[in-house]
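The structure file input_7.txt is reproduced below (compact mmCIF, C-alpha atoms and all ligand atoms).
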# COMPACT_ATOMS: atom_id res chain seq x y z
CA MET A 248 210.97 161.47 95.53
CA ARG A 249 209.13 161.42 98.87
CA TYR A 250 209.05 163.40 102.08
CA LEU A 251 208.12 163.12 105.71
CA THR A 252 207.53 165.83 108.27
CA ALA A 253 207.83 165.78 112.05
CA GLY A 254 207.03 168.26 114.79
CA GLU A 255 204.31 169.48 117.13
CA SER A 256 202.72 172.91 116.81
CA HIS A 257 204.19 174.21 120.09
CA GLY A 258 207.17 171.85 120.19
CA LYS A 259 210.76 172.88 119.46
CA GLN A 260 210.73 172.70 115.70
CA LEU A 261 209.34 171.26 112.50
CA THR A 262 211.53 168.94 110.46
CA THR A 263 211.15 167.90 106.82
CA ILE A 264 213.19 165.15 105.19
CA ILE A 265 213.05 164.89 101.39
CA GLU A 266 214.53 161.92 99.64
CA GLY A 267 215.16 161.45 95.95
CA VAL A 268 216.05 164.97 94.79
CA PRO A 269 218.70 164.54 92.08
CA ALA A 270 222.22 165.86 92.65
CA GLY A 271 223.34 169.16 91.15
CA LEU A 272 220.09 171.14 91.49
CA SER A 273 220.84 174.72 92.42
CA ILE A 274 218.89 175.76 95.53
CA GLN A 275 218.96 179.15 97.24
CA ILE A 276 217.70 179.19 100.82
CA ASP A 277 215.93 182.51 100.13
CA GLU A 278 213.62 180.77 97.68
CA ILE A 279 212.42 178.38 100.40
CA ASN A 280 212.11 181.24 102.90
CA SER A 281 210.03 183.34 100.54
CA SER A 282 207.54 180.44 100.22
CA LEU A 283 207.39 180.20 104.03
CA LEU A 284 206.84 183.94 104.34
CA ARG A 285 203.98 183.83 101.84
CA ARG A 286 202.26 181.08 103.86
CA GLN A 287 202.42 183.32 106.94
CA GLN A 288 200.98 186.40 105.26
CA GLY A 289 197.33 185.77 104.41
CA TYR A 290 194.71 188.10 105.87
CA GLY A 291 192.54 186.64 108.67
CA ARG A 292 195.09 184.76 110.69
CA GLY A 293 195.44 184.83 114.47
CA ARG A 294 198.21 186.11 116.74
CA ARG A 295 200.44 183.08 116.27
CA GLN A 296 201.75 184.40 112.96
CA GLN A 297 203.06 187.50 114.74
CA ILE A 298 205.08 185.29 117.08
CA GLU A 299 206.59 183.09 114.36
CA LYS A 300 209.09 184.12 111.73
CA ASP A 301 209.40 180.98 109.67
CA LEU A 302 212.94 180.58 108.39
CA VAL A 303 214.45 177.34 107.24
CA GLU A 304 217.74 175.87 108.35
CA ILE A 305 219.20 173.36 105.91
CA THR A 306 220.79 170.59 107.97
CA SER A 307 221.72 168.12 105.23
CA GLY A 308 221.68 167.33 101.53
CA ILE A 309 222.73 170.74 100.16
CA ARG A 310 226.30 172.00 99.91
CA HIS A 311 227.45 175.34 98.50
CA GLY A 312 224.02 175.89 96.95
CA TYR A 313 223.67 172.53 95.19
CA THR A 314 221.85 169.33 96.13
CA LEU A 315 224.06 166.32 96.84
CA GLY A 316 221.58 163.56 95.96
CA SER A 317 221.47 162.61 99.65
CA PRO A 318 218.39 163.24 101.86
CA ILE A 319 217.66 166.94 102.33
CA SER A 320 216.62 167.88 105.84
CA LEU A 321 215.04 171.22 106.60
CA VAL A 322 214.31 172.60 110.05
CA ILE A 323 211.92 175.42 111.00
CA LYS A 324 212.10 176.55 114.64
CA ASN A 325 208.88 177.27 116.53
CA ASP A 326 209.54 180.62 118.22
CA ASP A 327 206.42 180.05 120.36
CA PHE A 328 208.09 177.03 122.01
CA LYS A 329 209.72 179.29 124.61
CA HIS A 330 206.24 180.05 125.98
CA TRP A 331 205.31 176.37 126.14
CA THR A 332 208.41 174.66 127.60
CA ASP A 333 206.59 173.44 130.73
CA ILE A 334 203.61 172.14 128.75
CA MET A 335 205.58 170.65 125.84
CA GLY A 336 208.72 169.38 127.65
CA GLU A 337 209.98 165.88 126.92
CA GLU A 338 211.16 165.07 130.49
CA PRO A 339 208.87 162.72 132.47
CA LEU A 340 206.75 164.67 134.96
CA GLU A 341 207.70 164.42 138.61
CA GLU A 342 205.06 162.69 140.69
CA GLY A 343 202.37 165.04 141.91
CA THR A 344 203.15 167.67 139.25
CA GLU A 345 200.07 169.07 137.54
CA ILE A 346 200.22 169.57 133.76
CA ARG A 347 198.86 173.01 132.90
CA ARG A 348 196.01 173.36 130.43
CA VAL A 349 195.05 169.73 129.98
CA VAL A 350 192.49 169.66 127.15
CA THR A 351 189.43 167.49 127.80
CA LYS A 352 186.72 169.19 125.73
CA PRO A 353 187.08 168.16 122.05
CA ARG A 354 186.33 170.73 119.34
CA PRO A 355 183.77 169.61 116.75
CA GLY A 356 185.40 169.69 113.32
CA HIS A 357 188.98 169.26 114.56
CA ALA A 358 190.89 165.99 115.00
CA ASP A 359 190.44 166.16 118.81
CA LEU A 360 187.91 163.46 119.65
CA ASN A 361 188.77 160.90 116.98
CA GLY A 362 192.49 161.30 117.72
CA ALA A 363 191.94 160.85 121.47
CA LEU A 364 189.84 157.73 120.91
CA LYS A 365 192.34 156.28 118.46
CA TYR A 366 195.54 156.86 120.45
CA GLY A 367 193.99 156.61 123.93
CA HIS A 368 195.02 160.16 124.92
CA ARG A 369 193.21 161.59 127.95
CA ASP A 370 194.88 164.97 127.29
CA ILE A 371 193.65 166.08 123.86
CA ARG A 372 196.70 168.34 123.59
CA ASN A 373 198.55 165.17 122.48
CA VAL A 374 196.29 165.17 119.42
CA LEU A 375 195.90 168.85 118.59
CA GLU A 376 199.63 169.54 118.69
CA ARG A 377 200.29 167.34 115.66
CA SER A 378 196.95 167.71 113.88
CA SER A 379 197.46 171.51 113.85
CA ALA A 380 198.07 173.09 110.47
CA ARG A 381 201.37 174.38 111.85
CA GLU A 382 202.67 171.25 110.09
CA THR A 383 201.84 172.82 106.72
CA ALA A 384 204.93 175.03 107.13
CA ALA A 385 207.04 171.85 106.86
CA ARG A 386 205.07 170.80 103.77
CA VAL A 387 205.59 174.18 102.15
CA ALA A 388 209.36 173.77 102.71
CA ALA A 389 209.27 170.43 100.83
CA GLY A 390 207.08 171.94 98.12
CA ALA A 391 209.46 174.87 97.75
CA VAL A 392 212.27 172.45 96.83
CA ALA A 393 209.91 170.78 94.33
CA LYS A 394 209.00 174.18 92.88
CA ILE A 395 212.67 175.04 92.39
CA LEU A 396 213.18 171.77 90.49
CA LEU A 397 210.09 172.39 88.35
CA GLN A 398 211.08 176.00 87.67
CA GLN A 399 214.44 174.85 86.31
CA LEU A 400 212.57 172.45 84.00
CA GLY A 401 210.41 175.34 82.73
CA ILE A 402 207.32 174.45 84.80
CA LYS A 403 205.62 177.21 86.83
CA VAL A 404 203.10 176.73 89.63
CA CYS A 405 200.91 179.40 91.19
CA GLY A 406 198.24 179.29 93.93
CA TYR A 407 195.61 181.92 94.76
CA VAL A 408 192.19 182.39 96.30
CA LYS A 409 188.96 182.05 94.27
CA GLU A 410 186.33 182.45 96.96
CA ILE A 411 185.98 183.40 100.64
CA GLY A 412 182.75 183.08 102.63
CA GLY A 413 180.58 183.02 99.50
CA ILE A 414 182.32 186.02 97.85
CA LYS A 415 183.55 184.81 94.48
CA ALA A 416 186.42 186.22 92.44
CA LYS A 417 185.74 186.60 88.71
CA ASP A 418 187.75 184.28 86.43
CA GLN A 419 190.88 185.96 85.14
CA ASP A 420 191.53 183.59 82.24
CA ASN A 421 193.53 186.11 80.23
CA LEU A 422 196.22 186.59 82.87
CA SER A 423 199.61 185.01 82.22
CA ILE A 424 201.09 182.91 85.00
CA GLU A 425 203.61 185.67 85.79
CA GLU A 426 200.71 188.13 86.24
CA ARG A 427 198.87 185.63 88.43
CA ILE A 428 201.94 185.17 90.64
CA GLU A 429 202.42 188.92 90.98
CA ARG A 430 198.76 189.72 91.69
CA ALA A 431 198.38 186.95 94.27
CA GLN A 432 201.52 188.15 96.04
CA GLN A 433 200.34 191.75 96.14
CA SER A 434 196.87 190.97 97.47
CA PRO A 435 196.35 190.57 101.26
CA VAL A 436 193.73 187.91 100.50
CA MET A 437 195.82 186.45 97.64
CA VAL A 438 193.05 186.96 95.09
CA LEU A 439 193.57 187.81 91.39
CA ASP A 440 190.39 189.88 91.01
CA PRO A 441 191.01 193.28 92.67
CA ASP A 442 187.26 194.09 92.67
CA VAL A 443 186.46 191.58 95.42
CA GLU A 444 189.54 192.07 97.58
CA GLN A 445 188.05 194.62 99.98
CA GLU A 446 184.75 192.74 100.20
CA MET A 447 186.62 189.58 101.20
CA MET A 448 188.63 191.46 103.84
CA ASP A 449 185.44 193.01 105.23
CA LYS A 450 183.85 189.58 105.42
CA ILE A 451 186.84 188.21 107.32
CA ASP A 452 186.74 191.19 109.73
CA GLU A 453 183.02 190.70 110.30
CA VAL A 454 183.41 186.99 110.98
CA LYS A 455 186.41 187.55 113.24
CA GLN A 456 184.53 190.13 115.28
CA ALA A 457 181.67 187.70 115.72
CA GLY A 458 184.16 185.08 116.92
CA ASN A 459 183.15 182.84 114.02
CA SER A 460 185.14 181.44 111.09
CA VAL A 461 184.87 181.20 107.33
CA GLY A 462 186.14 178.96 104.50
CA GLY A 463 186.56 179.26 100.75
CA VAL A 464 188.08 177.95 97.55
CA CYS A 465 191.72 177.99 96.39
CA GLU A 466 192.99 177.40 92.86
CA VAL A 467 196.37 176.21 91.62
CA TYR A 468 197.41 176.94 88.04
CA VAL A 469 200.39 175.23 86.38
CA GLU A 470 202.06 175.97 83.06
CA GLY A 471 204.78 174.04 81.26
CA MET A 472 203.97 170.43 82.19
CA PRO A 473 204.54 168.29 79.10
CA ALA A 474 201.74 165.93 78.00
CA GLY A 475 201.80 162.31 79.16
CA ILE A 476 203.05 162.74 82.75
CA GLY A 477 201.37 160.29 85.13
CA SER A 478 199.78 157.10 83.85
CA TYR A 479 196.48 155.38 83.12
CA VAL A 480 197.78 151.89 83.94
CA HIS A 481 197.18 151.80 87.72
CA TYR A 482 194.97 153.72 90.13
CA ASP A 483 197.96 154.86 92.17
CA ARG A 484 199.89 156.18 89.18
CA LYS A 485 197.13 158.53 88.00
CA LEU A 486 198.57 161.98 88.56
CA ASP A 487 195.21 163.74 88.94
CA ALA A 488 194.33 161.24 91.69
CA ARG A 489 197.60 161.92 93.49
CA ILE A 490 197.03 165.64 93.27
CA ALA A 491 193.49 165.19 94.60
CA ALA A 492 194.84 163.21 97.58
CA ALA A 493 197.52 165.82 98.27
CA VAL A 494 194.96 168.65 98.20
CA VAL A 495 192.44 166.88 100.45
CA SER A 496 195.30 166.04 102.85
CA ILE A 497 195.65 169.76 103.65
CA ASN A 498 194.00 170.50 106.99
CA ALA A 499 190.35 171.52 106.56
CA PHE A 500 190.22 170.75 102.80
CA LYS A 501 187.09 168.82 101.92
CA GLY A 502 186.96 168.57 98.14
CA VAL A 503 188.83 169.00 94.89
CA GLU A 504 187.93 169.61 91.24
CA PHE A 505 189.82 169.99 87.95
CA GLY A 506 188.89 172.41 85.16
CA LEU A 507 185.09 172.67 84.94
CA GLY A 508 184.94 170.32 87.92
CA PHE A 509 181.47 169.59 89.31
CA GLU A 510 179.98 171.83 86.62
CA ALA A 511 180.75 169.03 84.11
CA ALA A 512 177.87 167.04 85.60
CA ARG A 513 175.45 169.62 84.18
CA LYS A 514 176.92 169.84 80.67
CA LEU A 515 176.89 167.78 77.47
CA GLY A 516 179.94 165.88 76.25
CA SER A 517 180.37 168.37 73.43
CA GLU A 518 180.58 171.15 76.04
CA VAL A 519 183.14 169.38 78.22
CA HIS A 520 185.83 167.67 76.12
CA ASP A 521 188.72 169.59 74.62
CA GLU A 522 189.28 169.22 70.88
CA ILE A 523 192.72 168.22 69.64
CA ALA A 524 194.84 170.28 67.23
CA TRP A 525 198.47 170.33 66.06
CA ASN A 526 200.93 172.89 64.76
CA GLU A 527 204.65 172.88 64.05
CA LYS A 528 205.63 175.08 66.99
CA LYS A 529 203.45 173.69 69.79
CA GLY A 530 202.92 170.12 68.59
CA TYR A 531 199.60 168.73 69.88
CA TYR A 532 197.39 171.11 71.81
CA ARG A 533 193.74 171.60 72.77
CA THR A 534 191.51 174.37 71.53
CA SER A 535 190.02 174.70 75.03
CA ASN A 536 191.01 173.54 78.52
CA ARG A 537 187.75 172.56 80.15
CA LEU A 538 189.19 169.40 81.70
CA GLY A 539 191.91 171.38 83.48
CA GLY A 540 194.92 169.61 82.00
CA PHE A 541 194.17 165.92 82.65
CA GLU A 542 192.86 162.96 80.67
CA GLY A 543 193.34 159.33 81.72
CA GLY A 544 195.38 160.24 84.80
CA MET A 545 197.96 161.96 82.56
CA THR A 546 198.70 165.56 81.75
CA THR A 547 197.43 166.84 78.38
CA GLY A 548 200.13 169.51 78.10
CA MET A 549 197.52 172.24 78.70
CA PRO A 550 197.69 174.30 81.91
CA ILE A 551 196.64 172.35 85.00
CA VAL A 552 193.73 174.02 86.79
CA VAL A 553 192.82 172.49 90.14
CA ARG A 554 190.64 173.86 92.92
CA GLY A 555 190.29 172.81 96.55
CA VAL A 556 187.53 173.73 98.98
CA MET A 557 188.42 174.64 102.56
CA LYS A 558 185.77 174.43 105.26
CA PRO A 559 185.58 177.15 107.93
CA ILE A 560 188.12 176.84 110.78
CA PRO A 561 186.71 174.54 113.51
CA THR A 562 187.77 176.58 116.56
CA LEU A 563 185.09 179.20 117.20
CA MET A 564 186.34 181.91 119.54
CA LYS A 565 183.11 183.41 120.88
CA ASN A 566 180.41 180.77 120.57
CA PRO A 567 182.12 177.41 120.67
CA LEU A 568 179.97 174.49 119.54
CA ARG A 569 178.60 172.01 122.01
CA SER A 570 180.77 169.10 123.00
CA VAL A 571 181.26 166.63 125.86
CA ASP A 572 184.03 166.63 128.47
CA ILE A 573 185.87 163.31 128.05
CA ASN A 574 186.43 163.02 131.84
CA THR A 575 183.02 163.93 133.25
CA LYS A 576 180.92 163.15 130.14
CA GLU A 577 179.04 166.35 130.96
CA PRO A 578 177.97 168.58 128.07
CA PHE A 579 180.26 171.62 127.67
CA THR A 580 181.17 174.06 124.99
CA ALA A 581 184.43 173.10 123.24
CA THR A 582 187.84 174.27 124.46
CA VAL A 583 188.90 177.53 122.79
CA GLU A 584 192.55 177.83 121.80
CA ARG A 585 193.90 180.94 120.09
CA SER A 586 192.80 180.54 116.47
CA ASP A 587 192.61 181.88 112.93
CA ALA A 588 189.27 183.27 111.68
CA CYS A 589 190.12 182.55 108.04
CA ALA A 590 193.14 180.73 106.65
CA VAL A 591 192.04 180.42 103.01
CA PRO A 592 194.78 182.78 101.66
CA ALA A 593 197.50 180.93 103.61
CA ALA A 594 196.02 177.62 102.48
CA SER A 595 196.31 178.67 98.81
CA VAL A 596 200.08 178.84 99.36
CA VAL A 597 200.02 175.40 101.00
CA MET A 598 197.98 174.01 98.09
CA GLU A 599 200.43 175.45 95.55
CA HIS A 600 203.28 173.66 97.30
CA VAL A 601 201.62 170.25 97.78
CA VAL A 602 200.60 170.23 94.11
CA ALA A 603 204.16 171.18 93.10
CA PHE A 604 205.52 168.27 95.09
CA GLU A 605 203.25 165.76 93.31
CA LEU A 606 204.23 167.16 89.89
CA ALA A 607 207.94 166.94 90.66
CA ARG A 608 207.50 163.44 92.09
CA ALA A 609 205.71 162.27 88.91
CA ILE A 610 208.42 163.77 86.68
CA LEU A 611 211.18 162.08 88.67
CA GLU A 612 209.32 158.78 88.52
CA GLN A 613 208.99 159.02 84.74
CA PHE A 614 212.50 160.25 83.93
CA SER A 615 214.32 158.81 86.96
CA ARG A 616 217.80 160.40 86.97
CA ASP A 617 220.30 160.89 89.80
CA GLN A 618 221.78 164.06 88.27
CA PHE A 619 219.69 167.15 87.62
CA SER A 620 221.46 167.99 84.32
CA LYS A 621 220.57 164.52 83.00
CA LEU A 622 216.99 164.89 84.17
CA LYS A 623 216.70 168.20 82.33
CA LYS A 624 218.15 166.68 79.16
CA ALA A 625 215.70 163.74 79.35
CA VAL A 626 212.71 166.07 79.83
CA ASP A 627 213.83 168.34 76.96
CA GLU A 628 214.28 165.33 74.65
CA TYR A 629 210.83 164.02 75.59
CA ARG A 630 209.29 167.42 74.86
CA GLU A 631 210.82 167.36 71.39
CA GLU A 632 209.78 163.75 70.82
CA ILE A 633 206.11 164.41 71.60
CA ARG A 634 206.05 167.63 69.56
CA CYS A 635 206.98 165.67 66.43
CA PHE A 636 205.06 162.49 67.31
C1 LIG A 701 196.76 177.30 107.09
C2 LIG A 701 195.74 176.69 108.01
C3 LIG A 701 195.51 177.27 109.25
C4 LIG A 701 194.58 176.71 110.11
N1 LIG A 701 194.33 177.32 111.32
C5 LIG A 701 193.44 176.79 112.18
C6 LIG A 701 193.17 177.41 113.44
O1 LIG A 701 193.75 178.45 113.77
N2 LIG A 701 192.26 176.84 114.25
C7 LIG A 701 191.61 175.68 113.92
O2 LIG A 701 190.80 175.21 114.69
N3 LIG A 701 191.84 175.06 112.74
C8 LIG A 701 192.73 175.59 111.87
N4 LIG A 701 192.95 174.97 110.66
C9 LIG A 701 192.17 173.77 110.31
C10 LIG A 701 192.51 172.53 111.15
O3 LIG A 701 193.90 172.31 111.17
C11 LIG A 701 191.77 171.31 110.61
O4 LIG A 701 190.40 171.58 110.52
C12 LIG A 701 192.02 170.10 111.51
O5 LIG A 701 193.36 169.67 111.35
C13 LIG A 701 191.09 168.92 111.25
O6 LIG A 701 191.28 168.38 109.99
P1 LIG A 701 190.12 168.36 108.87
O7 LIG A 701 189.41 169.65 108.99
O8 LIG A 701 190.84 168.19 107.59
O9 LIG A 701 189.19 167.22 109.20
C14 LIG A 701 193.87 175.53 109.75
C15 LIG A 701 194.12 174.93 108.49
C16 LIG A 701 195.04 175.52 107.62
C17 LIG A 701 195.29 174.89 106.28
C1 LIG A 702 200.63 177.73 113.86
C2 LIG A 702 199.99 177.77 112.72
O1 LIG A 702 198.65 177.58 112.54
C3 LIG A 702 197.90 177.12 113.63
C4 LIG A 702 196.96 176.09 113.07
C5 LIG A 702 195.97 175.67 114.07
C6 LIG A 702 195.21 174.45 113.80
O2 LIG A 702 194.47 174.00 114.71
O3 LIG A 702 195.30 173.90 112.69
C7 LIG A 702 195.72 176.43 115.21
C8 LIG A 702 196.45 177.67 115.53
O4 LIG A 702 197.49 177.36 116.46
P1 LIG A 702 197.85 178.30 117.70
O5 LIG A 702 196.85 177.94 118.76
O6 LIG A 702 199.23 177.95 118.09
O7 LIG A 702 197.74 179.72 117.25
C9 LIG A 702 197.12 178.23 114.28
O8 LIG A 702 197.92 179.33 114.61
C10 LIG A 702 200.71 178.02 111.45
O9 LIG A 702 200.05 177.89 110.40
O10 LIG A 702 201.91 178.32 111.47
Please rewrite the model in this file as structure tokens.
Ligand SMILES: Cc1cc2nc3c(=O)[nH]c(=O)nc-3n(C[C@H](O)[C@H](O)[C@H](O)COP(=O)(O)O)c2cc1C
Ligand SMILES: C=C(O[C@@H]1CC(C(=O)O)=C[C@@H](OP(=O)(O)O)[C@H]1O)C(=O)O
Amino acid sequence: MRYLTAGESHGKQLTTIIEGVPAGLSIQIDEINSSLLRRQQGYGRGRRQQIEKDLVEITSGIRHGYTLGSPISLVIKNDDFKHWTDIMGEEPLEEGTEIRRVVTKPRPGHADLNGALKYGHRDIRNVLERSSARETAARVAAGAVAKILLQQLGIKVCGYVKEIGGIKAKDQDNLSIEERIERAQQSPVMVLDPDVEQEMMDKIDEVKQAGNSVGGVCEVYVEGMPAGIGSYVHYDRKLDARIAAAVVSINAFKGVEFGLGFEAARKLGSEVHDEIAWNEKKGYYRTSNRLGGFEGGMTTGMPIVVRGVMKPIPTLMKNPLRSVDINTKEPFTATVERSDACAVPAASVVMEHVVAFELARAILEQFSRDQFSKLKKAVDEYREEIRCF
């Protein structure tokens, strides 16, 4: 299973094409739309989210609520396009026509300068339109389809916020995944620990008022993945590595860790590895989950716990960082476009969906079936086989 996305931030629409989803999977459009709505809801975002109402249109691959096995294409319209038709039009410009709002002052921390150098664009808008995290709406649509497939195989995925601007949420290890899903959905900052919610919102308000930005840490928690998914035999089949790549591919994400993560560097082996046990009902299991569900590039059958760190948003509204105009080479402060002050809550939804896609992709690679009912049967049989192994 793979997917591609297309679309500029202020262009007509975003398009996602997913290939390799087995036939006969029941998909309700509302399930995809509720993922898109969640991505739009996090506290700290700019005015753009009030303009957009992300709703998906299914243009192929699903008929009467079931996948056909053919490519699934999903379209999300950009409502903001109507304000940008002259700037984003596809017609060649008539001679002598000025393009409005040509961008020549690259923002430190965004893709602006490197993208302009690479593609030879003298109008940095040609870079920022596609490098914008608007594209993550298209990725969430693909991930929502993956989540539906996983859900029907008994695998649940949930994303939430662990930290914003240095304010850390306490671990909530005793919460079930259903409780995590519910709490994250009820919280404006998508955090599980209610004690820090207001503090995080105050921090975002303070930063926004100062025209600055702030980052944080998101966590994704997965239950129900059987052991042995992924592989140790090649670097590009290690599932933890694929998840790491998917997380760091999210705009502004700079690092990833599993379980204890970087803390493992400061601990002894006896404090890090998870001891193995067996019982009739569960089969093999671990008495702890410090490695976050992975050994040797494969799942251990324990919950997957993965965190990603998001840097602060590069666009600074009040005190833009120093930059250089690419036409005059004069020093200037960077161009300021409308911007989010904090997108960590929204990014936790994006992270949930990109992780879900990698999990579904690995399952389909391992149990390759063209029909969903056969895939389910193969996964159920494998679960039984490893329980008794
Ligand atoms: C949900 C989300 C919203 C974002 N909103 C903004 C924004 O409003 N302004 C901005 O400058 N960057 C924003 N970013 C971050 C940039 O897209 C990102 O920094 C840029 O693409 C450069 O990529 P890099 O930071 O991964 O190097 C956002 C990221 C995410 C995940
Ligand atoms: C549009 C979205 O996020 C955008 C991501 C983004 C960036 O530079 O990454 C910059 C902003 O774009 P705009 O200038 O149009 O407001 C965000 O709003 C979205 O997430 O739907």
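Here atom N3 of ligand LIG 701 (chain A) and CA of Glu504 (chain A) stand 22.5 Å from one another.
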Edge lengths and centre in Å to one decimal, as lines of an AutoDock Vina configuration file, is what I'm after for the box along x, y and z that holds all listed atoms of ligand LIG 701 (chain A) once 4 Å is added on each side.
center_x = 193.0
center_y = 172.8
center_z = 110.5
size_x = 15.6
size_y = 19.2
size_z = 16.4
Discussion item. If we count only C-alpha atoms and set the cut-off at 10 Å, which residues sit around region 396-400 of chain A, ignoring sequence neighbours fewer than 3 positions away in its own chain? Please answer as a PyMOL selection string.
Written reply: chain A and resi 268-269+272-274+390-393+403-404+471-472+603-604+606-607+610+619-620+622-624+626-627
Dump of C-alpha atoms for the selected residues, as an mmCIF file, in the coordinates of the input:
data_model
loop_
_atom_site.group_PDB
_atom_site.id
_atom_site.type_symbol
_atom_site.label_atom_id
_atom_site.label_comp_id
_atom_site.auth_asym_id
_atom_site.auth_seq_id
_atom_site.Cartn_x
_atom_site.Cartn_y
_atom_site.Cartn_z
ATOM 1 C CA VAL A 268 216.050 164.970 94.790
ATOM 2 C CA PRO A 269 218.700 164.540 92.080
ATOM 3 C CA LEU A 272 220.090 171.140 91.490
ATOM 4 C CA SER A 273 220.840 174.720 92.420
ATOM 5 C CA ILE A 274 218.890 175.760 95.530
ATOM 6 C CA GLY A 390 207.080 171.940 98.120
ATOM 7 C CA ALA A 391 209.460 174.870 97.750
ATOM 8 C CA VAL A 392 212.270 172.450 96.830
ATOM 9 C CA ALA A 393 209.910 170.780 94.330
ATOM 10 C CA LYS A 403 205.620 177.210 86.830
ATOM 11 C CA VAL A 404 203.100 176.730 89.630
ATOM 12 C CA GLY A 471 204.780 174.040 81.260
ATOM 13 C CA MET A 472 203.970 170.430 82.190
ATOM 14 C CA ALA A 603 204.160 171.180 93.100
ATOM 15 C CA PHE A 604 205.520 168.270 95.090
ATOM 16 C CA LEU A 606 204.230 167.160 89.890
ATOM 17 C CA ALA A 607 207.940 166.940 90.660
ATOM 18 C CA ILE A 610 208.420 163.770 86.680
ATOM 19 C CA PHE A 619 219.690 167.150 87.620
ATOM 20 C CA SER A 620 221.460 167.990 84.320
ATOM 21 C CA LEU A 622 216.990 164.890 84.170
ATOM 22 C CA LYS A 623 216.700 168.200 82.330
ATOM 23 C CA LYS A 624 218.150 166.680 79.160
ATOM 24 C CA VAL A 626 212.710 166.070 79.830
ATOM 25 C CA ASP A 627 213.830 168.340 76.960
#
Practice prompt. For Leu284 (chain A), work out the shell of residues within 12 Å, counting only C-alpha atoms and skipping chain neighbours fewer than 2 positions away, then give it as a ChimeraX atom specification.
Written response: /A:277-282,286-289,296-297,299-303,323,384,387-388,391,432,593,596-597
Worksheet item: For ligand LIG 702 (chain A), which of A:Val436, A:Leu375, A:Leu568, A:Val349 is the closest residue, counting only C-alpha atoms and all ligand atoms?
Response: A:Leu375
Practice prompt. For CA of Arg489 (chain A) and CA of Gln419 (chain A), determine how far apart the two atoms are, in Å to one decimal place.
Written response: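 If I compute the distance from CA of Arg489 (chain A) to CA of Gln419 (chain A), I get 26.3 Å.
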Sort by chain and increasing residue number a table of all residues of chain A within 7 Å of ligand LIG 702 (chain A), each with its closest pair of atoms and their distance in Å to one decimal, counting only C-alpha atoms and all ligand atoms, and write it as CSV.
residue,atom,partner,partner_atom,distance
A:Ser256,CA,A:LIG702,C1,6.0
A:His257,CA,A:LIG702,O6,6.5
A:Gln287,CA,A:LIG702,O10,6.8
A:Gly293,CA,A:LIG702,O8,6.0
A:Arg294,CA,A:LIG702,O7,6.4
A:Arg295,CA,A:LIG702,O7,4.4
A:Gln296,CA,A:LIG702,O10,6.3
A:Leu375,CA,A:LIG702,O2,6.6
A:Ser378,CA,A:LIG702,O3,6.5
A:Ser379,CA,A:LIG702,O3,3.4
A:Ala380,CA,A:LIG702,O3,3.6
A:Arg381,CA,A:LIG702,C10,3.7
A:Thr383,CA,A:LIG702,O9,6.5
A:Ala384,CA,A:LIG702,O10,6.2
A:Asn498,CA,A:LIG702,O3,6.8
A:Glu584,CA,A:LIG702,O5,5.3
A:Arg585,CA,A:LIG702,O5,4.4
A:Ser586,CA,A:LIG702,C8,4.7
A:Asp587,CA,A:LIG702,C9,6.0
Practice prompt. Calculate how many Å separate CA of Ile309 (chain A) from CA of Leu321 (chain A), rounding to one decimal.
Written response: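 Taking CA of Ile309 (chain A) as the start and CA of Leu321 (chain A) as the end point, the length is 10.0 Å.
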Fill in: Residue among A:Asn325, A:Arg377, A:Gly508, A:Leu611 lying closest to Ala625 (chain A), counting only C-alpha atoms
A:Leu611
Discussion item. With distances taken over only C-alpha atoms and all ligand atoms, which residue among A:Thr332, A:Thr562, A:Ser517, A:Thr306 lies nearest ligand LIG 701 (chain A)?
Written reply: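 When distances to ligand LIG 701 (chain A) are compared using only C-alpha atoms and all ligand atoms, the smallest one comes from A:Thr562.
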Worksheet item: Which one is closest to ligand LIG 701 (chain A): A:Ala358, A:Ala416, A:Ala389, A:Ala431? Count all atoms listed in the file.
Response: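 Comparing A:Ala358, A:Ala416, A:Ala389, A:Ala431 against ligand LIG 701 (chain A), the winner is A:Ala358.
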Fill in: Polymer residues at most 7 Å from Ala581 (chain A), only C-alpha atoms, same-chain spacing of 4 or more positions, as a ChimeraX atom specification
/A:352-354,567-570
Practice prompt. Tell me, as a PyMOL selection string, which residues lie within 7 Å of Lys501 (chain A), counting only C-alpha atoms; anything in the same chain fewer than 3 positions away does not count.
Written response: chain A and resi 495+556-558
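Candidate residues A:Lys455, A:Arg348, A:Arg608, A:Lys529 were compared for distance to Arg484 (chain A), and the nearest is A:Arg608, using all atoms listed in the file.
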Discussion item. I need the residue nearest ligand LIG 701 (chain A) from this list: A:Glu382, A:Glu338, A:Asp420, A:Glu628. Use only C-alpha atoms and all ligand atoms for the distance.
Written reply: A:Glu382
Worksheet item: Around (218.4, 157.9, 89.9) in the file's own coordinates, what residues are found within 9 Å if you use only C-alpha atoms, given back as a list in words?
Response: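 The answer, in the requested form, is Gly267, Val268, Pro269, Gly316, Leu611, Phe614, Ser615, Arg616, Asp617 and Gln618 of chain A.
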Discussion item. Using all atoms listed in the file, list the residues that have an atom at most 10 Å from (205.9, 164.8, 65.4), coordinates as in the file, as a list in words.
Written reply: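 Taken together, the residues in range are Trp525, Asn526, Glu527, Gly530, Tyr531, Glu631, Glu632, Ile633, Arg634, Cys635 and Phe636 of chain A.
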